[in-house]
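Peer 1: Mind looking over this structure? Questions follow.
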Amino acid sequence: MTGNRKGKEQKRFTMQQTRKRMVLRFPAETVNEPITYTLIRNYDVMINILNADITHGKEGNLLIEISGEKENVSAAMVYLEKKQVDISPVVKTILFNEHACIHCGACSSVCFPGALEMDPGSRQLQFTPEKCVACELCIRACPLQLFELNFGVN
Amino acid sequence: MSEGPIICQDMQKSYQEINEKIKAGEAVVLTAEEVSRMGKELSPAEIAKKVDVVTTATFGPMCSSGMFINVGHPSPPIRMEKATLNGVPVFTGIAAVDLYIGATESHPENPAYGGAHVIEELISGKDVELVAHAKGTDCYPRKDIRTTINRERLNEMVMFNPRNAYQNYPAAVNSSGRIKYTYMGSLLPRMGNINYSTSGELSPLLNDPGMRTIGIGTRIFLGGTTGYVSWYGTQFRTDVEVNEFGIPVSNAATLAVIGDARKMDPSFIRAAYYERYGVSIFIGIGIPIPVLDEEMALRVMIRNDQINTRIVDYGDPDKPELGRITYESLMSGEIEFNGKRIRTSSLSSIFKAREIASILKKEVASGRFLISEPVEMFPREKSLNSLEVRE
């Protein structure tokens with residue numbers, strides 16, 4: 001399944017496509033507005049919600065991956081700014097306490113994007129944050145609880 | 001075994017002869033991985049001549065573990081009937097101030113914290129809160145106590161693990177439609193991954209499958225210090241199918257081990273929590289195996305491609321066997337099963353097992369760690385009963 005999706009995405013990206021991962025911080029007054037619906041319908045962008053922390057009537061945080069044609073993504077950004085949504089590009093979404101790792105590898109088989117892999121020679125765990133999609137499966141898979149979700153931004 | 005025992009009359013070494021070499025600093029000591037590589041070029045006879053001791057190791061989650069402590073008597077004294085350490089209940093059904101901390105016991109309000117964490121903290125030298133209650137007796141009048149204990153204040157800290165170092169263990173998949181959180185880790189739906197637990201060719205009981213040199217009294221590396229095999233482990237069994245290399249293809253032999261936890265190193269005893277399963281503990285064990293003759297040489301030469309295990313479905317409560325697989329395939333990171341590529345995960349750390357095997361190698365080679373002949377051998381034949389449900 002993952003393989004097929006990757007293939008399609010690669011095809012799309014051959015034509016002036018872009019993909020960005022960001023945290024959207026909604027002011028209290030916009031929390032009840034259907035912002036993702038508007039983005040998808042009016043701007044023809046794909047939204048992948050990686051994490052949501054929204055309470056009605058309060059400020060909310062949404063970790064998303066937005067992809068589509070470059071102009072559409074830019075127009076979507078303008079729309080979000082107009083709605084006073086604070087946009088922060090994401091640097092890292094999963095924090096890994098590497099120092100305490102015992103290199104068992106329990107996290108590696110649940111990591112479908114391949115951000116966590118065992119080095120076949122050294123048998124040590126290698127974390128490649130660029131490949132991470134913050135699916136959070138590693139958080140539960142790690143017996144030492146060394147992963148945590150980070151809403152950290154630039 | 002099909003080829004029968006290969007015993008060469010003129011190539012026999014006794015425990016005493018090997019120990020004399022160790023004391024003189026002349027013993028040739030290799031890790032089990034090194035001897036497996038050597039075995040690709042040399043014959044068992046050549047290895048028996050060349051190598052004296054092979055160090056094996058494992059560092060995996062081993063639930064059946066715990067620690068006896070004696071906390072000392074307060075004044076006035078108490079005969080503890082209920083006790084907790086950092087909120088984790090501990091066993092008090094022995095004498096007044098003797099306690100047993102079971103590794104998998106969890107904190108009633110925090111399932112991710114348990115006996116294993118208390119053990120790790122005590123070994124690390126941290127303070128731990130003790131709360132105990134009693135009814136009060138004529139000889140032990142105190143009814144309540146709340147205090148802190150630590151490594152320096154305890155009279156004894158003895159790790160005693162009833163079942164460690166499983167000889168082999170089935171690999172786990174999940175054929176059901178939803179993720180399963182198990183003691184074999186997170187198992188993704190529709191066989192999205194496969195998890196296994198072994199150090200393979202480094203594993204102690206896979207390098208001496210007939211237990212010729214491992215028995216009651218064997219001196220071992222346990223948690224960073226010297227420990228001993230105290231008995232065969234619980235659920236020890238011998239009536240298991242073996243492959244053409246004499247390796248049981250399923251869970252078979254186990255070890256009960258004992259050691260002085262006060263001297264242990266927290267980097268070889270690590271508390272663990274498996275989502276929705278509970279607390280467990282990683283235990284580092286290393287066992288030196290003397291190469292007494294060609295037959296032992298043949299055993300320690302075992303390689304990951306010669307060791308296989310069953311694949312078991314945790315998506316079905318009966319855990320049916322779906323197939324067999326070698327550890328060489330499992331350790332490659334991905335296997336092909338029923339026409340599907342499946343990512344693999346180990347639960348046991350090979351990186352740490354290598355560290356233990358090389359520490360033990362240095363200890364033996366430098367004359368500090370002598371090998372020991374078992375005081376008594378394990379049972380040659382033993383099977384298991386299941387629990388009958390009687391209404």
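Chain lettering (A, B, ...) mirrors the order of the structure tokens, residue numbering begins at 1 for each chain separately, and ligand numbering begins at 1 in order of display.
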Report as a VMD selection string: the residues of stretch 4-98 of chain A with a DSSP assignment of helix (DSSP H, G or I), based on the backbone of this structure.

Peer 2: chain A and resid 4 to 12 28 to 30 35 to 43 70 to 82 98

Peer 1: Do me a favour and pick out the residues of chain A within 8 Å of chain B, using only C-alpha atoms, as a PyMOL selection string.

Peer 2: chain A and resi 102-110+118+120+122-124+140-145

Peer 1: Print the selection's residues with C-alpha atoms to a file, as a CSV table (one decimal), in the first residue's frame.

Peer 2:
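That gives us out_38.csv:
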```csv
chain,number,residue,atom,x,y,z
A,102,ILE,CA,19.8,0.4,23.9
A,103,HIS,CA,19.5,-0.3,20.1
A,104,CYS,CA,17.0,-3.2,20.4
A,105,GLY,CA,15.3,-2.0,17.2
A,106,ALA,CA,11.7,-2.5,18.4
A,107,CYS,CA,10.8,0.8,16.8
A,108,SER,CA,12.2,0.1,13.3
A,109,SER,CA,9.6,-2.3,11.9
A,110,VAL,CA,6.7,0.0,12.7
A,118,MET,CA,19.0,-0.6,12.1
A,120,PRO,CA,23.1,-3.9,9.5
A,122,SER,CA,26.9,-2.0,13.8
A,123,ARG,CA,23.4,-3.1,14.8
A,124,GLN,CA,22.8,0.4,16.0
A,140,ARG,CA,4.4,3.3,21.6
A,141,ALA,CA,6.8,0.8,20.2
A,142,CYS,CA,9.8,2.0,22.2
A,143,PRO,CA,10.1,0.0,25.4
A,144,LEU,CA,12.3,2.7,27.0
A,145,GLN,CA,9.9,5.5,26.0
```

Peer 1: Which one is closest to B:Asn308: B:Val389, B:Asn338, B:Asn168, B:Met191? Count only C-alpha atoms.

Peer 2: B:Asn168

Peer 1: Tell me which protein, DNA and RNA residues are within 12 Å of B:Arg219, counting only C-alpha atoms, leaving out same-chain ones fewer than 4 positions away, and put them as a PyMOL selection string.

Peer 2: chain B and resi 213-215+225-230+257-259+285-290+360+364+369-375

Peer 1: Any chance you could export the current selection's C-alpha atoms as a compact mmCIF listing (two decimals), in the first residue's frame?

Peer 2:
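What follows is the written file selection.txt:
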```txt
# COMPACT_ATOMS: atom_id res chain seq x y z
CA THR B 213 28.87 -26.91 29.85
CA ILE B 214 26.02 -24.82 31.28
CA GLY B 215 24.38 -26.15 34.44
CA THR B 225 28.99 -8.23 37.52
CA THR B 226 29.61 -11.89 38.26
CA GLY B 227 26.55 -14.03 38.76
CA TYR B 228 25.68 -17.70 38.76
CA VAL B 229 23.25 -20.09 37.16
CA SER B 230 21.27 -21.17 40.22
CA VAL B 257 20.18 -16.86 37.62
CA ILE B 258 21.40 -15.09 40.74
CA GLY B 259 23.82 -12.26 41.42
CA ILE B 285 23.70 -12.01 30.54
CA GLY B 286 27.00 -13.39 29.28
CA ILE B 287 28.23 -16.98 29.52
CA PRO B 288 31.71 -18.26 28.69
CA ILE B 289 31.66 -21.65 26.99
CA PRO B 290 34.76 -23.83 27.22
CA LEU B 360 33.50 -11.08 29.06
CA VAL B 364 38.50 -14.21 30.67
CA PHE B 369 37.10 -14.60 35.05
CA LEU B 370 37.54 -18.36 35.35
CA ILE B 371 35.24 -20.91 33.79
CA SER B 372 33.37 -23.31 36.05
CA GLU B 373 32.23 -26.87 35.65
CA PRO B 374 28.55 -27.24 36.54
CA VAL B 375 27.99 -28.58 40.05
```

Peer 1: Choose the residue, out of B:Ala27, B:Leu130, B:Glu295, B:Met159, that has the smallest atom-to-atom separation from B:Tyr15; count only C-alpha atoms.

Peer 2: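 Counting only C-alpha atoms, the residue closest to B:Tyr15 is B:Ala27.
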
Peer 1: Residues of stretch 109-275 of chain B classed as strand (DSSP E) by DSSP on the backbone are to be reported as a PyMOL selection string.

Peer 2: chain B and resi 128-133+144-149+156-164+171-173+180-182+185-187+193-196+219-222+225-232+255-260+269-274

Peer 1: For B:Val29, work out the shell of residues within 10 Å, counting only C-alpha atoms and skipping chain neighbours fewer than 6 positions away, then give it as a ChimeraX atom specification.

Peer 2: /B:22,35,50-55,288-291,358,360-366

Peer 1: Measure the distance from atom CA of B:His133 to atom CA of B:His107 in Å and round it to one decimal.

Peer 2: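 Those two atoms sit 17.3 Å apart.
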
Peer 1: Can you tell me, as a list in words, what residues are no more than 10 Å from B:Ala103 when counting only C-alpha atoms, ignoring any on the same chain fewer than 3 positions away?

Peer 2: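 The filter keeps Met62, Cys63, Ser64, Ser65, Gly66, Met67, Val90, Tyr100, Ser106, Gly114, Gly115, Ala116, His117, Val118, Ile119, Glu120, Asn161, Ala271, Ala272, Val279, Ser280, Ile281 and Phe282 of chain B.
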
Peer 1: For B:Gln167, list every protein, DNA or RNA residue within 9 Å, evaluated using only C-alpha atoms, and leave out those in the same chain fewer than 3 positions away; present the list as a PyMOL selection string.

Peer 2: chain B and resi 198+203-206+209+247-248+250-255

Peer 1: Could you list, as a PyMOL selection string, every residue within 12 Å of stretch 47-54 of chain A, counting only C-alpha atoms and ignoring same-chain residues fewer than 6 positions away?

Peer 2: chain A and resi 19-28+30-33+35-41+60-68+73+76+90+93-94+132-137+149-151

Peer 1: If you measure from atom CA of B:Ala256 to atom CA of B:Ile123, what distance in Å do you get, rounded to one decimal?

Peer 2: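 Those two atoms sit 19.8 Å apart.
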
Peer 1: Given the choices B:Lys126, B:Pro317, B:Ile307, B:Asn243, which gets closest to B:Ser329 if the distance is worked out from only C-alpha atoms?

Peer 2: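 Residue with the minimum atom-to-atom distance to B:Ser329: B:Ile307.
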
Peer 1: Please determine, counting only C-alpha atoms, which residue among B:Ile269, B:Leu42, B:Glu105, B:Gly315 has the shortest atom-to-atom distance to B:Ile179.

Peer 2: B:Gly315
